[in-house]
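Written below as structure tokens is the structure these notes are about.
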Amino acid sequence: MTTCTALIVAAGRGTRFGGPLPKQYALLGDRPVLRHTLEAYRAASGITALQVVIAPGDESHYRNAVAGLDLPNPVVGGVSRQQSVLHGLEALCTANPDLVAIHDAARPFVRPTDIAACLAAAGADGVVGAVLGVRLADTIKRTDAAGTVGETIPRTNLWRAQTPQVFRYGALLQAHRDAAALGLSEATAMTDDAAVAERAGMKVVMVEGSEDNRKITTADDLDRGIAMESRTAFGFDVHGFGPGDRVMLGGVAIPHDHTLSGHSDADVALHALTDAVLGTIGAGDIGKHFPPSDPQWRGVSSDRFLRHAVGLLATRGGRIVHLDLTLVCEAPRIGPHRDAMVASIACIAGIDRSRVSVKATTTERLGFTGRREGIAAQAVATVETPRR
């Protein structure tokens, strides 16, 4: 079996990023950038070990970012990227993997399938290294110091190099040792491992990557770069009628000759919506967060439950796209109160009214709702949340 260690370089300072933390430890959604990168490599076929290189003094940031991942102690990097990679390579001498995949921690959007493609290319006969990259599509101009165009450079066979850059371990280690012996200063150090390999005369091939594999450079890149996914979940609830003169539906008090009995104010509409939103983030159901056996929730307004679910979604970097509610009952009539319910639900969820739908139907006098014994509600929540 071919072994490959992913060497994640997280020792940079990222001066253009700004902010209180180096960019690799800044939050992308609900997790640090470094965490996203590591989880992509944990999901990649062919990666047998992970090793992170960090800057001195970043130990506490590192521990917070990798909590629960069971990784080896980090390697402390140097003053340049080239030195940091060499430190990491030297630390792998005992393990001596067949391949090493060098990756910048600030590229958290790398696809596991692209990582696997690089590993396959680097393991081919006669090849020593493989670099993920994107072919240049724009016209390239060379200018003088004043910005005057001097020439147009043909873009044929030109690529933008990304990471991972995968190499046969022993060959890359020797190439880095030889480059370090040149005494290159930080200002003139080679900027990627492919350049080190090229200097050593190794055969390095390019592997077609994706524009999604962006590198985070500035704080704005975090907002633009969050990879989002859509999620949909379903909620269902039922409450029976009891003595009273109104029912609560969607946060609106509707006059009726009965009330709904049950948990809190028994707002069956908000309960179904709460379960739907909780479902989109795998957070259980309403009973997990607000147990009906707990007396503190007796009679409480159910808008607290939906606000709680929406808050949990928000803390994970998500947002509601649409809420769809269907009420099943013979009475009361929902139509006259539909607009008020839409406005109420939108206010509770913190979204525009256009993102809320309220519908009503009957069971043609069949079943418990047809016998006017209670009301059923089903809800569908559609959200966007950072991809995990």
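The chains in the structure tokens are called A, B, ... from first to last as shown; in each chain the residues are counted from 1, and the ligands are counted from 1 in the order shown.
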
Who sits within 10 Å of range 54-57 of chain A, only C-alpha atoms, same chain under 5 positions skipped, as a short mmCIF file (atom, residue, chain, number, x, y, z; two decimals) with N, CA and C atoms, in the first residue's frame:
data_model
loop_
_atom_site.label_atom_id
_atom_site.label_comp_id
_atom_site.auth_asym_id
_atom_site.auth_seq_id
_atom_site.Cartn_x
_atom_site.Cartn_y
_atom_site.Cartn_z
N ILE A 8 0.40 20.02 5.99
CA ILE A 8 -0.40 21.24 5.90
C ILE A 8 0.41 22.40 6.47
N VAL A 9 0.72 23.37 5.61
CA VAL A 9 1.59 24.49 6.00
C VAL A 9 0.71 25.61 6.55
N ALA A 10 0.81 25.85 7.86
CA ALA A 10 -0.03 26.84 8.54
C ALA A 10 0.84 27.79 9.36
N ALA A 11 2.03 28.11 8.84
CA ALA A 11 2.98 28.93 9.61
C ALA A 11 3.03 30.38 9.15
N GLY A 12 2.26 30.72 8.11
CA GLY A 12 2.30 32.09 7.59
C GLY A 12 1.63 33.08 8.50
N ARG A 13 1.98 34.35 8.32
CA ARG A 13 1.40 35.43 9.12
C ARG A 13 0.26 36.13 8.40
N PRO A 22 -4.24 35.07 12.73
CA PRO A 22 -3.77 34.69 11.40
C PRO A 22 -4.91 34.02 10.63
N GLN A 24 -5.38 31.43 8.92
CA GLN A 24 -5.65 30.00 9.02
C GLN A 24 -6.46 29.64 10.26
N TYR A 62 -3.77 26.58 17.43
CA TYR A 62 -3.76 25.27 16.77
C TYR A 62 -4.60 24.27 17.55
N PRO A 74 2.19 19.46 16.36
CA PRO A 74 2.59 20.22 15.18
C PRO A 74 4.10 20.43 15.13
N VAL A 75 4.58 20.68 13.93
CA VAL A 75 5.97 21.04 13.70
C VAL A 75 6.06 22.56 13.66
N VAL A 76 7.08 23.13 14.27
CA VAL A 76 7.26 24.58 14.25
C VAL A 76 8.01 24.96 12.97
N GLY A 77 7.45 25.91 12.23
CA GLY A 77 8.01 26.32 10.95
C GLY A 77 9.13 27.32 11.07
N GLY A 78 9.58 27.83 9.90
CA GLY A 78 10.66 28.79 9.85
C GLY A 78 10.20 30.17 9.42
N VAL A 79 11.13 31.00 8.96
CA VAL A 79 10.81 32.38 8.62
C VAL A 79 10.29 32.51 7.19
N SER A 84 9.65 26.42 6.32
CA SER A 84 8.59 25.71 7.04
C SER A 84 8.34 24.34 6.44
N GLY A 88 8.91 20.58 8.15
CA GLY A 88 7.89 19.53 8.13
C GLY A 88 8.40 18.25 7.51
N ALA A 105 -2.60 25.83 4.29
CA ALA A 105 -3.75 25.79 5.19
C ALA A 105 -4.83 26.76 4.76
#

Report as JSON, numbers by chain all protein, DNA and RNA residues lying within 8 Å of range 175-185 of chain A, evaluated on only C-alpha atoms, omitting residues in the same chain fewer than 4 positions from it.
{"A": [82, 83, 86, 171, 189, 196, 197, 199, 200]}

Export C-alpha atoms of the chosen residues as a compact mmCIF listing (two decimals), in the first residue's frame?
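After the write, result_37.txt holds the following:
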# COMPACT_ATOMS: atom_id res chain seq x y z
CA GLN A 82 10.39 27.08 2.06
CA GLN A 83 11.93 26.72 5.53
CA LEU A 86 11.67 21.71 5.07
CA ALA A 171 13.20 13.11 -3.63
CA ALA A 189 13.10 31.96 -1.48
CA VAL A 196 12.17 23.49 -5.62
CA ALA A 197 11.51 20.28 -7.53
CA ARG A 199 15.46 23.27 -9.74
CA ALA A 200 16.40 19.70 -8.90

Which of range 59-258 of chain A counts as alpha helix (DSSP H) under DSSP, as a PDB file with N, CA and C atoms, in the first residue's frame please?
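Contents of the output file part_35.pdb:
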ATOM      1  N   GLU A  59       0.509  27.843  19.238  1.00  0.00           N
ATOM      2  CA  GLU A  59       0.103  26.544  19.768  1.00  0.00           C
ATOM      3  C   GLU A  59      -1.336  26.532  20.274  1.00  0.00           C
ATOM      4  N   SER A  60      -1.758  27.571  20.991  1.00  0.00           N
ATOM      5  CA  SER A  60      -3.127  27.570  21.528  1.00  0.00           C
ATOM      6  C   SER A  60      -4.155  27.683  20.414  1.00  0.00           C
ATOM      7  N   HIS A  61      -3.868  28.508  19.397  1.00  0.00           N
ATOM      8  CA  HIS A  61      -4.779  28.601  18.250  1.00  0.00           C
ATOM      9  C   HIS A  61      -4.895  27.256  17.551  1.00  0.00           C
ATOM     10  N   TYR A  62      -3.772  26.577  17.433  1.00  0.00           N
ATOM     11  CA  TYR A  62      -3.759  25.270  16.772  1.00  0.00           C
ATOM     12  C   TYR A  62      -4.596  24.266  17.553  1.00  0.00           C
ATOM     13  N   ARG A  63      -4.411  24.223  18.860  1.00  0.00           N
ATOM     14  CA  ARG A  63      -5.160  23.256  19.676  1.00  0.00           C
ATOM     15  C   ARG A  63      -6.662  23.479  19.545  1.00  0.00           C
ATOM     16  N   ASN A  64      -7.082  24.734  19.532  1.00  0.00           N
ATOM     17  CA  ASN A  64      -8.509  25.027  19.386  1.00  0.00           C
ATOM     18  C   ASN A  64      -9.025  24.579  18.023  1.00  0.00           C
ATOM     19  N   ALA A  65      -8.211  24.762  16.990  1.00  0.00           N
ATOM     20  CA  ALA A  65      -8.656  24.454  15.628  1.00  0.00           C
ATOM     21  C   ALA A  65      -8.768  22.963  15.379  1.00  0.00           C
ATOM     22  N   VAL A  66      -7.930  22.157  16.031  1.00  0.00           N
ATOM     23  CA  VAL A  66      -7.877  20.722  15.716  1.00  0.00           C
ATOM     24  C   VAL A  66      -8.482  19.853  16.819  1.00  0.00           C
ATOM     25  N   ARG A  81       8.242  30.244   3.775  1.00  0.00           N
ATOM     26  CA  ARG A  81       7.466  29.051   3.466  1.00  0.00           C
ATOM     27  C   ARG A  81       8.394  27.874   3.172  1.00  0.00           C
ATOM     28  N   GLN A  82       9.462  28.142   2.423  1.00  0.00           N
ATOM     29  CA  GLN A  82      10.394  27.080   2.065  1.00  0.00           C
ATOM     30  C   GLN A  82      10.999  26.440   3.319  1.00  0.00           C
ATOM     31  N   GLN A  83      11.377  27.266   4.300  1.00  0.00           N
ATOM     32  CA  GLN A  83      11.932  26.724   5.532  1.00  0.00           C
ATOM     33  C   GLN A  83      10.893  25.933   6.315  1.00  0.00           C
ATOM     34  N   SER A  84       9.650  26.419   6.319  1.00  0.00           N
ATOM     35  CA  SER A  84       8.588  25.712   7.040  1.00  0.00           C
ATOM     36  C   SER A  84       8.338  24.336   6.439  1.00  0.00           C
ATOM     37  N   VAL A  85       8.322  24.263   5.114  1.00  0.00           N
ATOM     38  CA  VAL A  85       8.121  22.967   4.472  1.00  0.00           C
ATOM     39  C   VAL A  85       9.281  22.031   4.796  1.00  0.00           C
ATOM     40  N   LEU A  86      10.510  22.551   4.756  1.00  0.00           N
ATOM     41  CA  LEU A  86      11.669  21.715   5.068  1.00  0.00           C
ATOM     42  C   LEU A  86      11.589  21.184   6.494  1.00  0.00           C
ATOM     43  N   HIS A  87      11.187  22.026   7.437  1.00  0.00           N
ATOM     44  CA  HIS A  87      11.022  21.559   8.816  1.00  0.00           C
ATOM     45  C   HIS A  87      10.010  20.415   8.886  1.00  0.00           C
ATOM     46  N   GLY A  88       8.909  20.583   8.149  1.00  0.00           N
ATOM     47  CA  GLY A  88       7.895  19.533   8.132  1.00  0.00           C
ATOM     48  C   GLY A  88       8.405  18.247   7.508  1.00  0.00           C
ATOM     49  N   LEU A  89       9.141  18.374   6.411  1.00  0.00           N
ATOM     50  CA  LEU A  89       9.681  17.185   5.748  1.00  0.00           C
ATOM     51  C   LEU A  89      10.673  16.446   6.651  1.00  0.00           C
ATOM     52  N   GLU A  90      11.508  17.195   7.335  1.00  0.00           N
ATOM     53  CA  GLU A  90      12.482  16.566   8.231  1.00  0.00           C
ATOM     54  C   GLU A  90      11.764  15.800   9.351  1.00  0.00           C
ATOM     55  N   ALA A  91      10.633  16.336   9.796  1.00  0.00           N
ATOM     56  CA  ALA A  91       9.900  15.676  10.883  1.00  0.00           C
ATOM     57  C   ALA A  91       9.288  14.350  10.443  1.00  0.00           C
ATOM     58  N   PRO A 112     -11.694  16.760  -2.117  1.00  0.00           N
ATOM     59  CA  PRO A 112     -11.014  15.482  -1.897  1.00  0.00           C
ATOM     60  C   PRO A 112     -10.728  14.723  -3.194  1.00  0.00           C
ATOM     61  N   THR A 113     -11.611  14.842  -4.188  1.00  0.00           N
ATOM     62  CA  THR A 113     -11.374  14.153  -5.462  1.00  0.00           C
ATOM     63  C   THR A 113     -10.160  14.722  -6.182  1.00  0.00           C
ATOM     64  N   ASP A 114      -9.911  16.027  -6.054  1.00  0.00           N
ATOM     65  CA  ASP A 114      -8.730  16.632  -6.686  1.00  0.00           C
ATOM     66  C   ASP A 114      -7.453  16.201  -5.964  1.00  0.00           C
ATOM     67  N   ILE A 115      -7.536  16.071  -4.641  1.00  0.00           N
ATOM     68  CA  ILE A 115      -6.387  15.564  -3.884  1.00  0.00           C
ATOM     69  C   ILE A 115      -6.024  14.164  -4.382  1.00  0.00           C
ATOM     70  N   ALA A 116      -7.040  13.318  -4.517  1.00  0.00           N
ATOM     71  CA  ALA A 116      -6.807  11.946  -4.973  1.00  0.00           C
ATOM     72  C   ALA A 116      -6.224  11.921  -6.383  1.00  0.00           C
ATOM     73  N   ALA A 117      -6.659  12.836  -7.247  1.00  0.00           N
ATOM     74  CA  ALA A 117      -6.133  12.891  -8.616  1.00  0.00           C
ATOM     75  C   ALA A 117      -4.650  13.248  -8.627  1.00  0.00           C
ATOM     76  N   CYS A 118      -4.249  14.154  -7.721  1.00  0.00           N
ATOM     77  CA  CYS A 118      -2.835  14.514  -7.633  1.00  0.00           C
ATOM     78  C   CYS A 118      -1.995  13.341  -7.135  1.00  0.00           C
ATOM     79  N   LEU A 119      -2.526  12.608  -6.175  1.00  0.00           N
ATOM     80  CA  LEU A 119      -1.799  11.443  -5.672  1.00  0.00           C
ATOM     81  C   LEU A 119      -1.588  10.420  -6.787  1.00  0.00           C
ATOM     82  N   ALA A 120      -2.626  10.201  -7.589  1.00  0.00           N
ATOM     83  CA  ALA A 120      -2.520   9.234  -8.682  1.00  0.00           C
ATOM     84  C   ALA A 120      -1.483   9.676  -9.706  1.00  0.00           C
ATOM     85  N   ALA A 121      -1.474  10.989 -10.028  1.00  0.00           N
ATOM     86  CA  ALA A 121      -0.523  11.495 -11.022  1.00  0.00           C
ATOM     87  C   ALA A 121       0.908  11.407 -10.514  1.00  0.00           C
ATOM     88  N   ALA A 122       1.117  11.719  -9.228  1.00  0.00           N
ATOM     89  CA  ALA A 122       2.470  11.695  -8.670  1.00  0.00           C
ATOM     90  C   ALA A 122       3.019  10.282  -8.563  1.00  0.00           C
ATOM     91  N   TYR A 169       8.386  11.392  -1.519  1.00  0.00           N
ATOM     92  CA  TYR A 169       8.903  12.022  -0.308  1.00  0.00           C
ATOM     93  C   TYR A 169      10.421  12.182  -0.302  1.00  0.00           C
ATOM     94  N   GLY A 170      11.146  11.112  -0.519  1.00  0.00           N
ATOM     95  CA  GLY A 170      12.605  11.180  -0.420  1.00  0.00           C
ATOM     96  C   GLY A 170      13.211  12.165  -1.395  1.00  0.00           C
ATOM     97  N   ALA A 171      12.677  12.201  -2.620  1.00  0.00           N
ATOM     98  CA  ALA A 171      13.205  13.111  -3.632  1.00  0.00           C
ATOM     99  C   ALA A 171      12.960  14.565  -3.250  1.00  0.00           C
ATOM    100  N   LEU A 172      11.764  14.864  -2.728  1.00  0.00           N
ATOM    101  CA  LEU A 172      11.470  16.258  -2.366  1.00  0.00           C
ATOM    102  C   LEU A 172      12.293  16.688  -1.158  1.00  0.00           C
ATOM    103  N   LEU A 173      12.454  15.801  -0.185  1.00  0.00           N
ATOM    104  CA  LEU A 173      13.261  16.144   0.981  1.00  0.00           C
ATOM    105  C   LEU A 173      14.679  16.513   0.555  1.00  0.00           C
ATOM    106  N   GLN A 174      15.286  15.723  -0.331  1.00  0.00           N
ATOM    107  CA  GLN A 174      16.640  16.024  -0.780  1.00  0.00           C
ATOM    108  C   GLN A 174      16.691  17.331  -1.563  1.00  0.00           C
ATOM    109  N   ALA A 175      15.680  17.569  -2.381  1.00  0.00           N
ATOM    110  CA  ALA A 175      15.636  18.812  -3.157  1.00  0.00           C
ATOM    111  C   ALA A 175      15.543  20.020  -2.239  1.00  0.00           C
ATOM    112  N   HIS A 176      14.766  19.914  -1.171  1.00  0.00           N
ATOM    113  CA  HIS A 176      14.648  21.026  -0.226  1.00  0.00           C
ATOM    114  C   HIS A 176      15.954  21.218   0.550  1.00  0.00           C
ATOM    115  N   ARG A 177      16.607  20.138   0.907  1.00  0.00           N
ATOM    116  CA  ARG A 177      17.888  20.269   1.597  1.00  0.00           C
ATOM    117  C   ARG A 177      18.909  20.960   0.696  1.00  0.00           C
ATOM    118  N   ASP A 178      18.924  20.584  -0.584  1.00  0.00           N
ATOM    119  CA  ASP A 178      19.865  21.199  -1.516  1.00  0.00           C
ATOM    120  C   ASP A 178      19.557  22.685  -1.711  1.00  0.00           C
ATOM    121  N   ALA A 179      18.272  23.030  -1.791  1.00  0.00           N
ATOM    122  CA  ALA A 179      17.895  24.432  -1.963  1.00  0.00           C
ATOM    123  C   ALA A 179      18.263  25.246  -0.734  1.00  0.00           C
ATOM    124  N   ALA A 180      18.078  24.666   0.456  1.00  0.00           N
ATOM    125  CA  ALA A 180      18.416  25.378   1.688  1.00  0.00           C
ATOM    126  C   ALA A 180      19.914  25.646   1.778  1.00  0.00           C
ATOM    127  N   ASP A 193       6.697  24.455  -3.804  1.00  0.00           N
ATOM    128  CA  ASP A 193       7.533  23.257  -3.803  1.00  0.00           C
ATOM    129  C   ASP A 193       7.831  22.773  -5.210  1.00  0.00           C
ATOM    130  N   ALA A 194       6.952  23.084  -6.149  1.00  0.00           N
ATOM    131  CA  ALA A 194       7.227  22.722  -7.534  1.00  0.00           C
ATOM    132  C   ALA A 194       8.488  23.422  -8.030  1.00  0.00           C
ATOM    133  N   ALA A 195       8.703  24.679  -7.597  1.00  0.00           N
ATOM    134  CA  ALA A 195       9.917  25.391  -8.004  1.00  0.00           C
ATOM    135  C   ALA A 195      11.160  24.721  -7.441  1.00  0.00           C
ATOM    136  N   VAL A 196      11.055  24.218  -6.212  1.00  0.00           N
ATOM    137  CA  VAL A 196      12.173  23.493  -5.621  1.00  0.00           C
ATOM    138  C   VAL A 196      12.446  22.217  -6.416  1.00  0.00           C
ATOM    139  N   ALA A 197      11.368  21.516  -6.772  1.00  0.00           N
ATOM    140  CA  ALA A 197      11.514  20.279  -7.534  1.00  0.00           C
ATOM    141  C   ALA A 197      12.059  20.548  -8.935  1.00  0.00           C
ATOM    142  N   GLU A 198      11.604  21.631  -9.556  1.00  0.00           N
ATOM    143  CA  GLU A 198      12.082  21.980 -10.908  1.00  0.00           C
ATOM    144  C   GLU A 198      13.585  22.250 -10.882  1.00  0.00           C
ATOM    145  N   ARG A 199      14.027  22.968  -9.850  1.00  0.00           N
ATOM    146  CA  ARG A 199      15.462  23.274  -9.740  1.00  0.00           C
ATOM    147  C   ARG A 199      16.283  21.993  -9.659  1.00  0.00           C
ATOM    148  N   ALA A 219      -9.564  39.484   4.481  1.00  0.00           N
ATOM    149  CA  ALA A 219     -10.742  39.178   5.289  1.00  0.00           C
ATOM    150  C   ALA A 219     -11.988  39.046   4.415  1.00  0.00           C
ATOM    151  N   ASP A 220     -12.061  39.810   3.333  1.00  0.00           N
ATOM    152  CA  ASP A 220     -13.213  39.724   2.430  1.00  0.00           C
ATOM    153  C   ASP A 220     -13.323  38.340   1.799  1.00  0.00           C
ATOM    154  N   ASP A 221     -12.203  37.662   1.648  1.00  0.00           N
ATOM    155  CA  ASP A 221     -12.232  36.327   1.047  1.00  0.00           C
ATOM    156  C   ASP A 221     -13.033  35.345   1.892  1.00  0.00           C
ATOM    157  N   LEU A 222     -13.098  35.587   3.208  1.00  0.00           N
ATOM    158  CA  LEU A 222     -13.879  34.697   4.063  1.00  0.00           C
ATOM    159  C   LEU A 222     -15.351  34.766   3.713  1.00  0.00           C
ATOM    160  N   ASP A 223     -15.871  35.998   3.536  1.00  0.00           N
ATOM    161  CA  ASP A 223     -17.284  36.165   3.213  1.00  0.00           C
ATOM    162  C   ASP A 223     -17.593  35.658   1.809  1.00  0.00           C
ATOM    163  N   ARG A 224     -16.685  35.941   0.869  1.00  0.00           N
ATOM    164  CA  ARG A 224     -16.917  35.512  -0.511  1.00  0.00           C
ATOM    165  C   ARG A 224     -16.666  34.028  -0.690  1.00  0.00           C
ATOM    166  N   GLY A 225     -15.838  33.480   0.180  1.00  0.00           N
ATOM    167  CA  GLY A 225     -15.356  32.138  -0.072  1.00  0.00           C
ATOM    168  C   GLY A 225     -16.080  31.018   0.642  1.00  0.00           C
TER     169      GLY A 225
END

What is the distance, in Å and to one decimal place, between CA of Ala314 in chain A and CA of Asp58 in chain A?
28.2 Å

Taking only residues of range 14-71 of chain A that have an atom at most 12 Å from an atom of range 159-164 of chain A, what is each one's shortest atom pair and its distance in Å to one decimal, using only C-alpha atoms, in chain and number order, as JSON lines?
{"residue": "A:Thr37", "atom": "CA", "partner": "A:Pro164", "partner_atom": "CA", "distance": 11.0}
{"residue": "A:Ala40", "atom": "CA", "partner": "A:Pro164", "partner_atom": "CA", "distance": 11.5}
{"residue": "A:Tyr41", "atom": "CA", "partner": "A:Pro164", "partner_atom": "CA", "distance": 10.1}
{"residue": "A:Ala44", "atom": "CA", "partner": "A:Pro164", "partner_atom": "CA", "distance": 11.8}
{"residue": "A:Ile47", "atom": "CA", "partner": "A:Pro164", "partner_atom": "CA", "distance": 11.8}

Counting only C-alpha atoms, the option among A:Phe17, A:Phe368, A:Phe290, A:Phe305 closest to Lys215 in chain A:
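Checking each candidate against Lys215 in chain A, we get A:Phe17 as the closest.
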
Under the rule that only C-alpha atoms are counted, which of A:Leu132, A:Val110, A:Leu92, A:Leu99 is the nearest residue to Arg42 in chain A?
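Checking each of A:Leu132, A:Val110, A:Leu92, A:Leu99 against Arg42 in chain A, counting only C-alpha atoms, the winner is A:Val110.
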
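If only C-alpha atoms are the atoms counted, then among A:Gly282, A:Gly250, A:Gly367, A:Gly311 the closest residue to Ser344 in chain A is A:Gly250.
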
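In this structure, CA of Glu330 in chain A sits 10.4 Å away from CA of Ala376 in chain A.
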
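Minimum atom-to-atom distances from A:Asp275, A:Asp138, A:Asp30, A:Asp98 to Thr48 in chain A were compared using only C-alpha atoms, and the lowest value belongs to A:Asp98.
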
Residue nearest Leu327 in chain A - candidates A:Asp267, A:Asp125, A:Asp212, A:Asp144, atoms counted: only C-alpha atoms:
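Checking each of A:Asp267, A:Asp125, A:Asp212, A:Asp144 against Leu327 in chain A, counting only C-alpha atoms, the winner is A:Asp267.
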
Could you work out how far CA of Thr2 in chain A lies from CA of Asn73 in chain A, giving the answer in Å with one decimal?
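For CA of Asn73 in chain A relative to CA of Thr2 in chain A, the distance reads 23.3 Å.
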
Quick one: everything within 12 Å of range 257-266 of chain A, counting only C-alpha atoms, minus sequence neighbours fewer than 5 positions away in the same chain. Send it as a ChimeraX atom specification.
/A:237-252,271-272,286-287,290-305,331-332,372-377

Taking the chain letters and numbering used in this document, name the residues of range 311-354 of chain A that DSSP puts in strand (DSSP E), as a list in words.
Arg319, Ile320, Val321, His322, Leu323, Asp324, Leu325, Thr326, Leu327 and Val328 of chain A

Restricting the calculation to only C-alpha atoms: of A:Thr361, A:Thr5, A:Thr382, A:Ser210, which residue gets closest to Leu278 in chain A?
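So, comparing all the options, the nearest one is A:Thr382.
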
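Excluding Gly279 in chain A itself and any same-chain residue fewer than 3 positions from it, the protein and nucleic acid residues within 10 Å of it, counting only C-alpha atoms, are Arg231, Thr232, Ala233, Phe234, Gly235, Leu273, Thr274, Asp275, Ala276, Gly282, Ala283, Gly284, Asp285, Ile286, Ala309, Val380 and Ala381 of chain A.
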
Keeping C-alpha atoms, export the residues of the selection given above as a CSV table (one decimal), in the first residue's frame.
chain,number,residue,atom,x,y,z
A,231,ARG,CA,-30.5,21.7,3.1
A,232,THR,CA,-34.2,20.9,3.5
A,233,ALA,CA,-35.9,19.3,6.4
A,234,PHE,CA,-39.5,18.4,7.4
A,235,GLY,CA,-41.4,19.1,10.6
A,273,LEU,CA,-41.6,25.0,11.8
A,274,THR,CA,-39.2,24.7,14.8
A,275,ASP,CA,-38.6,21.0,14.1
A,276,ALA,CA,-38.1,21.7,10.4
A,282,GLY,CA,-29.2,17.9,12.6
A,283,ALA,CA,-30.0,19.4,16.0
A,284,GLY,CA,-32.7,17.0,17.1
A,285,ASP,CA,-36.3,18.0,17.7
A,286,ILE,CA,-38.2,20.5,19.8
A,309,ALA,CA,-33.8,27.1,16.2
A,380,VAL,CA,-40.6,22.3,5.3
A,381,ALA,CA,-37.6,24.5,5.9
